[in-house]
$ cat target.txt   # compact mmCIF, C-alpha atoms
# COMPACT_ATOMS: atom_id res chain seq x y z
CA MET A 1 203.66 31.23 89.56
CA ASP A 2 202.61 29.97 86.10
CA VAL A 3 203.18 26.25 85.75
CA THR A 4 201.31 24.35 83.07
CA PHE A 5 201.64 20.75 82.07
CA ASP A 6 200.48 20.23 78.51
CA MET A 7 201.89 16.71 78.37
CA PHE A 8 198.38 15.24 78.29
CA ILE A 9 197.15 17.38 75.40
CA GLU A 10 197.10 15.48 72.12
CA THR A 11 197.33 17.15 68.74
CA GLU A 12 195.71 15.10 66.03
CA VAL A 13 197.37 14.99 62.63
CA PRO A 14 194.66 15.93 60.10
CA GLU A 15 193.60 13.12 57.77
CA ASP A 16 194.55 15.08 54.66
CA GLU A 17 198.02 16.05 55.90
CA VAL A 18 201.40 14.37 55.55
CA ILE A 19 204.44 15.30 57.63
CA ILE A 20 207.72 15.28 55.71
CA SER A 21 211.28 15.78 56.92
CA ARG A 22 214.83 14.96 55.90
CA THR A 23 217.89 14.52 58.08
CA ASP A 24 221.58 14.08 57.51
CA LEU A 25 223.11 10.68 58.27
CA ARG A 26 223.46 11.61 61.97
CA GLY A 27 219.78 12.52 62.38
CA VAL A 28 220.13 16.31 62.21
CA ILE A 29 217.11 17.88 60.51
CA THR A 30 217.85 19.43 57.11
CA TYR A 31 214.28 19.98 55.81
CA VAL A 32 210.74 20.10 57.18
CA ASN A 33 207.45 20.82 55.46
CA ASP A 34 205.00 23.35 56.88
CA THR A 35 202.77 20.58 58.26
CA PHE A 36 205.64 19.21 60.34
CA ALA A 37 206.34 22.63 61.83
CA LYS A 38 202.66 23.28 62.55
CA ILE A 39 201.96 19.89 64.18
CA SER A 40 205.21 19.86 66.22
CA GLY A 41 204.68 23.41 67.51
CA TYR A 42 208.14 24.49 66.35
CA SER A 43 208.94 26.86 63.52
CA SER A 44 210.89 25.49 60.57
CA GLU A 45 213.85 27.60 61.67
CA GLU A 46 213.77 26.03 65.15
CA LEU A 47 213.78 22.51 63.69
CA ILE A 48 216.40 22.77 60.94
CA GLY A 49 219.86 22.07 62.30
CA ARG A 50 218.52 20.33 65.44
CA PRO A 51 218.67 16.57 66.09
CA HIS A 52 215.40 14.87 65.18
CA ASN A 53 215.27 13.34 68.65
CA ILE A 54 214.14 16.69 70.14
CA LEU A 55 210.70 15.26 69.35
CA ARG A 56 211.30 12.02 71.24
CA HIS A 57 208.47 11.39 73.66
CA PRO A 58 209.44 9.63 76.90
CA ASP A 59 206.65 7.08 76.29
CA MET A 60 208.58 5.70 73.31
CA PRO A 61 210.70 2.63 74.14
CA LYS A 62 214.40 3.11 73.35
CA SER A 63 214.36 -0.24 71.54
CA VAL A 64 212.03 1.17 68.86
CA TYR A 65 214.60 3.84 67.98
CA LYS A 66 217.43 1.30 68.08
CA GLU A 67 215.50 -0.85 65.59
CA LEU A 68 214.84 2.20 63.41
CA TRP A 69 218.51 3.23 63.34
CA ASP A 70 219.79 -0.33 62.83
CA THR A 71 217.37 -0.73 59.91
CA ILE A 72 218.11 2.52 58.09
CA LYS A 73 221.88 2.24 58.65
CA ALA A 74 221.62 -1.16 56.92
CA GLU A 75 220.12 0.83 54.00
CA LYS A 76 216.65 -0.68 54.43
CA SER A 77 213.35 1.13 54.96
CA TRP A 78 211.72 1.26 58.39
CA SER A 79 208.10 1.91 59.26
CA GLY A 80 206.20 2.03 62.52
CA TYR A 81 204.09 3.99 64.94
CA VAL A 82 205.71 6.89 66.76
CA LYS A 83 204.50 9.13 69.57
CA ASN A 84 206.27 12.49 69.29
CA MET A 85 206.48 15.33 71.80
CA ARG A 86 205.52 18.82 70.71
CA LYS A 87 207.41 21.95 71.72
CA ASP A 88 204.72 22.65 74.35
CA ARG A 89 205.23 19.09 75.71
CA GLY A 90 201.92 17.92 74.27
CA TYR A 91 202.11 14.99 71.88
CA TYR A 92 200.98 13.57 68.55
CA TRP A 93 201.02 10.11 66.96
CA VAL A 94 202.17 9.32 63.44
CA TYR A 95 202.82 6.31 61.25
CA ALA A 96 206.37 6.93 60.05
CA GLU A 97 208.10 5.57 56.96
CA VAL A 98 211.85 6.27 56.99
CA SER A 99 214.22 5.48 54.15
CA GLY A 100 217.48 6.55 52.61
CA VAL A 101 218.00 9.18 49.95
CA TYR A 102 220.69 8.29 47.41
CA LYS A 103 222.75 10.43 45.07
CA ASN A 104 224.83 8.64 42.42
CA GLY A 105 224.23 5.39 44.30
CA GLU A 106 225.54 6.77 47.62
CA LEU A 107 223.39 7.19 50.75
CA VAL A 108 223.38 10.95 51.50
CA GLU A 109 220.45 11.52 53.87
CA TYR A 110 217.23 10.07 55.27
CA LYS A 111 213.67 11.07 54.53
CA SER A 112 210.63 10.46 56.69
CA ILE A 113 207.04 10.59 55.58
CA ARG A 114 204.53 10.47 58.39
CA SER A 115 200.78 10.08 58.24
CA PRO A 116 197.89 10.19 60.75
CA VAL A 117 197.05 7.25 63.02
CA GLU A 118 193.48 6.27 63.86
CA LYS A 119 192.44 6.68 67.50
CA GLN A 120 192.00 2.96 68.22
CA MET A 121 195.52 2.25 66.91
CA ARG A 122 196.95 5.08 69.06
CA VAL A 123 195.35 3.51 72.14
CA GLU A 124 196.65 0.05 71.20
CA MET A 125 200.18 1.29 70.50
CA GLN A 126 200.28 3.18 73.81
CA LYS A 127 199.53 -0.13 75.57
CA VAL A 128 202.17 -1.96 73.52
CA TYR A 129 204.82 0.68 74.21
CA ASP A 130 203.95 0.84 77.93
CA LYS A 131 204.46 -2.93 78.14
CA MET A 132 207.73 -2.73 76.21
CA ARG A 133 209.07 0.02 78.50
CA GLU A 134 208.16 -2.05 81.54
CA GLU A 135 209.83 -5.18 80.12
CA GLU A 136 212.92 -3.16 79.19
CA HIS A 137 213.08 -1.57 82.68
CA GLU A 138 212.74 1.97 81.35
CA ASP A 139 211.40 4.99 83.22
CA TRP A 140 207.89 4.80 84.61
CA ARG A 141 205.15 7.27 83.85
CA ALA A 142 203.54 8.42 87.09
CA VAL A 143 200.53 10.67 87.39
CA MET A 144 199.35 11.76 90.78
CA TYR A 145 197.52 14.57 92.50
CA LEU A 146 199.27 16.46 95.28
CA PRO A 147 197.80 18.93 97.72
CA TYR A 148 198.10 22.43 96.30
CA GLU A 149 200.57 23.53 98.98
CA THR A 150 202.81 20.50 98.39
CA GLY A 151 202.90 21.16 94.66
CA ASN A 152 203.81 24.79 95.22
CA ARG A 153 206.61 23.84 97.64
CA LEU A 154 208.02 21.38 95.08
CA ILE A 155 207.93 23.99 92.31
CA LYS A 156 209.56 26.66 94.48
CA GLU A 157 212.29 24.29 95.69
CA ALA A 158 213.00 23.07 92.15
CA HIS A 159 213.21 26.67 90.95
CA LYS A 160 215.54 27.56 93.83
CA ARG A 161 217.84 24.64 92.93
CA GLY A 162 217.61 25.34 89.20
CA VAL A 163 216.25 21.89 88.34
CA LYS A 164 213.02 20.44 86.94
CA VAL A 165 210.43 19.20 89.41
CA GLU A 166 211.00 15.65 88.12
CA GLU A 167 214.71 15.93 88.94
CA LEU A 168 213.95 17.23 92.43
CA ILE A 169 211.58 14.35 93.10
CA GLY A 170 214.28 11.95 91.86
CA GLU A 171 216.74 13.48 94.35
CA LEU A 172 214.26 13.16 97.20
CA ILE A 173 213.37 9.53 96.61
$ encode --input "target.txt" --output "structure tokens"
Amino acid sequence: MDVTFDMFIETEVPEDEVIISRTDLRGVITYVNDTFAKISGYSSEELIGRPHNILRHPDMPKSVYKELWDTIKAEKSWSGYVKNMRKDRGYYWVYAEVSGVYKNGELVEYKSIRSPVEKQMRVEMQKVYDKMREEEHEDWRAVMYLPYETGNRLIKEAHKRGVKVEELIGELI
């Protein structure tokens, strides 16, 4: 039984790279640069046509995305630190700048330019976002070690029921 959890593996955005994407007004990806595809672990074809929130990491407070959407829908620019989830469930941090794209004075799409974040800032923002999630009564992050046999039983039972292990644990608690 092959079960790997890459959620703790961080991909660092190289200092000389910039991640660029565009979305329609609903947040569906219309363009990505090669750096975005490489860092996210998806191919360009897998990203285009998908909602941008496929990258949403569960460590990100919902209020950050609400602020982002409220800001850009008001036709203002938003910037902030974002922890994204890769296709393999690993993660990467970026400093994102999101703004509207206008054609003949009309808002037609959004563009996002994302740059690397220094390690100390990533650590600080993780603490800030953990505190926000706690204050906003969002899901907890729990890491624990189980006996090998217990872990195997959980995986087998989840597979039998056709659910994720996290869902099974939620049912049992």
$ closest_residue --input "target.txt" --among "A:Asn152, A:Ser21, A:Ser44, A:Ser63" --to "A:His137" --atoms "only C-alpha atoms"
A:Ser63
$ closest_residue --input "target.txt" --among "A:Asp34, A:Glu10, A:Glu134, A:Glu124" --to "A:Trp93" --atoms "only C-alpha atoms"
A:Glu10
$ closest_residue --input "target.txt" --among "A:Asp70, A:Ile54, A:Ile169, A:Ala142" --to "A:Ile155" --atoms "all atoms listed in the file"
A:Ile169
$ residues_around --input "target.txt" --residues "stretch 72-79 of chain A" --least-positions-apart "3" --cutoff "8 Å" --atoms "all atoms listed in the file" --output "ChimeraX atom specification"
/A:68-69,95-100,107
$ closest_residue --input "target.txt" --among "A:Val64, A:Val117, A:Val18, A:Val163" --to "A:Tyr129" --atoms "all atoms listed in the file"
A:Val64
$ closest_residue --input "target.txt" --among "A:Arg50, A:Val13, A:Glu109, A:Asn104" --to "A:Lys83" --atoms "all atoms listed in the file"
A:Val13
$ residues_around --input "target.txt" --residues "A:Gly151" --least-positions-apart "6" --cutoff "12 Å" --atoms "only C-alpha atoms" --output "list in words"
Met1, Val3, Met144, Tyr145, Glu157, Ala158, Val165, Glu166, Leu168 and Ile169 of chain A
$ closest_residue --input "target.txt" --among "A:Asn53, A:Thr71, A:Ser115, A:Gln120" --to "A:Ile19" --atoms "only C-alpha atoms"
A:Ser115
$ atom_distance --input "target.txt" --atom1 "atom CA of A:Arg114" --atom2 "atom CA of A:Ile20"
6.4 Å
$ decode --input "target.txt" --residues "stretch 114-142 of chain A" --atoms "N, CA and C atoms" --output "PDB file, in the first residue's frame"
ATOM      1  N   ARG A 114       3.509  36.992  -8.791  1.00  0.00           N
ATOM      2  CA  ARG A 114       3.932  36.485  -7.490  1.00  0.00           C
ATOM      3  C   ARG A 114       5.440  36.308  -7.460  1.00  0.00           C
ATOM      4  N   SER A 115       6.014  36.687  -6.343  1.00  0.00           N
ATOM      5  CA  SER A 115       7.462  36.633  -6.185  1.00  0.00           C
ATOM      6  C   SER A 115       7.828  35.842  -4.933  1.00  0.00           C
ATOM      7  N   PRO A 116       9.116  35.465  -4.812  1.00  0.00           N
ATOM      8  CA  PRO A 116       9.560  34.654  -3.674  1.00  0.00           C
ATOM      9  C   PRO A 116       9.402  35.403  -2.345  1.00  0.00           C
ATOM     10  N   VAL A 117       9.371  34.625  -1.266  1.00  0.00           N
ATOM     11  CA  VAL A 117       9.268  35.166   0.086  1.00  0.00           C
ATOM     12  C   VAL A 117      10.457  34.626   0.879  1.00  0.00           C
ATOM     13  N   GLU A 118      11.135  35.502   1.597  1.00  0.00           N
ATOM     14  CA  GLU A 118      12.277  35.072   2.408  1.00  0.00           C
ATOM     15  C   GLU A 118      11.814  34.150   3.530  1.00  0.00           C
ATOM     16  N   LYS A 119      12.705  33.241   3.933  1.00  0.00           N
ATOM     17  CA  LYS A 119      12.368  32.210   4.915  1.00  0.00           C
ATOM     18  C   LYS A 119      11.817  32.797   6.208  1.00  0.00           C
ATOM     19  N   GLN A 120      12.444  33.824   6.770  1.00  0.00           N
ATOM     20  CA  GLN A 120      11.973  34.384   8.033  1.00  0.00           C
ATOM     21  C   GLN A 120      10.546  34.917   7.892  1.00  0.00           C
ATOM     22  N   MET A 121      10.214  35.511   6.753  1.00  0.00           N
ATOM     23  CA  MET A 121       8.855  36.019   6.538  1.00  0.00           C
ATOM     24  C   MET A 121       7.870  34.860   6.399  1.00  0.00           C
ATOM     25  N   ARG A 122       8.283  33.764   5.771  1.00  0.00           N
ATOM     26  CA  ARG A 122       7.404  32.588   5.663  1.00  0.00           C
ATOM     27  C   ARG A 122       7.065  32.052   7.049  1.00  0.00           C
ATOM     28  N   VAL A 123       8.068  31.984   7.920  1.00  0.00           N
ATOM     29  CA  VAL A 123       7.842  31.511   9.286  1.00  0.00           C
ATOM     30  C   VAL A 123       6.893  32.461  10.019  1.00  0.00           C
ATOM     31  N   GLU A 124       7.126  33.749   9.897  1.00  0.00           N
ATOM     32  CA  GLU A 124       6.282  34.744  10.566  1.00  0.00           C
ATOM     33  C   GLU A 124       4.835  34.691  10.054  1.00  0.00           C
ATOM     34  N   MET A 125       4.673  34.584   8.740  1.00  0.00           N
ATOM     35  CA  MET A 125       3.321  34.553   8.179  1.00  0.00           C
ATOM     36  C   MET A 125       2.591  33.268   8.552  1.00  0.00           C
ATOM     37  N   GLN A 126       3.315  32.155   8.683  1.00  0.00           N
ATOM     38  CA  GLN A 126       2.669  30.915   9.133  1.00  0.00           C
ATOM     39  C   GLN A 126       2.082  31.122  10.522  1.00  0.00           C
ATOM     40  N   LYS A 127       2.843  31.775  11.405  1.00  0.00           N
ATOM     41  CA  LYS A 127       2.355  32.053  12.761  1.00  0.00           C
ATOM     42  C   LYS A 127       1.137  32.976  12.726  1.00  0.00           C
ATOM     43  N   VAL A 128       1.206  34.014  11.909  1.00  0.00           N
ATOM     44  CA  VAL A 128       0.084  34.959  11.790  1.00  0.00           C
ATOM     45  C   VAL A 128      -1.160  34.240  11.292  1.00  0.00           C
ATOM     46  N   TYR A 129      -1.017  33.424  10.247  1.00  0.00           N
ATOM     47  CA  TYR A 129      -2.170  32.734   9.678  1.00  0.00           C
ATOM     48  C   TYR A 129      -2.716  31.659  10.616  1.00  0.00           C
ATOM     49  N   ASP A 130      -1.833  30.982  11.367  1.00  0.00           N
ATOM     50  CA  ASP A 130      -2.303  30.007  12.360  1.00  0.00           C
ATOM     51  C   ASP A 130      -3.167  30.711  13.409  1.00  0.00           C
ATOM     52  N   LYS A 131      -2.717  31.867  13.869  1.00  0.00           N
ATOM     53  CA  LYS A 131      -3.472  32.630  14.872  1.00  0.00           C
ATOM     54  C   LYS A 131      -4.806  33.104  14.299  1.00  0.00           C
ATOM     55  N   MET A 132      -4.790  33.573  13.055  1.00  0.00           N
ATOM     56  CA  MET A 132      -6.038  34.016  12.417  1.00  0.00           C
ATOM     57  C   MET A 132      -7.026  32.871  12.309  1.00  0.00           C
ATOM     58  N   ARG A 133      -6.547  31.691  11.868  1.00  0.00           N
ATOM     59  CA  ARG A 133      -7.450  30.543  11.723  1.00  0.00           C
ATOM     60  C   ARG A 133      -8.044  30.150  13.066  1.00  0.00           C
ATOM     61  N   GLU A 134      -7.238  30.219  14.111  1.00  0.00           N
ATOM     62  CA  GLU A 134      -7.740  29.897  15.445  1.00  0.00           C
ATOM     63  C   GLU A 134      -8.803  30.907  15.869  1.00  0.00           C
ATOM     64  N   GLU A 135      -8.522  32.190  15.683  1.00  0.00           N
ATOM     65  CA  GLU A 135      -9.473  33.241  16.065  1.00  0.00           C
ATOM     66  C   GLU A 135     -10.762  33.172  15.254  1.00  0.00           C
ATOM     67  N   GLU A 136     -10.661  32.696  14.022  1.00  0.00           N
ATOM     68  CA  GLU A 136     -11.824  32.608  13.138  1.00  0.00           C
ATOM     69  C   GLU A 136     -12.504  31.241  13.218  1.00  0.00           C
ATOM     70  N   HIS A 137     -12.053  30.401  14.150  1.00  0.00           N
ATOM     71  CA  HIS A 137     -12.630  29.072  14.394  1.00  0.00           C
ATOM     72  C   HIS A 137     -12.630  28.206  13.140  1.00  0.00           C
ATOM     73  N   GLU A 138     -11.513  28.242  12.410  1.00  0.00           N
ATOM     74  CA  GLU A 138     -11.364  27.405  11.224  1.00  0.00           C
ATOM     75  C   GLU A 138     -10.736  26.071  11.620  1.00  0.00           C
ATOM     76  N   ASP A 139     -10.625  25.176  10.640  1.00  0.00           N
ATOM     77  CA  ASP A 139     -10.078  23.849  10.883  1.00  0.00           C
ATOM     78  C   ASP A 139      -8.699  23.919  11.534  1.00  0.00           C
ATOM     79  N   TRP A 140      -8.438  22.954  12.382  1.00  0.00           N
ATOM     80  CA  TRP A 140      -7.145  22.812  13.026  1.00  0.00           C
ATOM     81  C   TRP A 140      -6.224  21.982  12.151  1.00  0.00           C
ATOM     82  N   ARG A 141      -4.937  22.226  12.304  1.00  0.00           N
ATOM     83  CA  ARG A 141      -3.930  21.365  11.695  1.00  0.00           C
ATOM     84  C   ARG A 141      -3.446  20.452  12.811  1.00  0.00           C
ATOM     85  N   ALA A 142      -3.504  19.151  12.607  1.00  0.00           N
ATOM     86  CA  ALA A 142      -3.059  18.205  13.623  1.00  0.00           C
ATOM     87  C   ALA A 142      -2.044  17.260  13.010  1.00  0.00           C
TER      88      ALA A 142
END
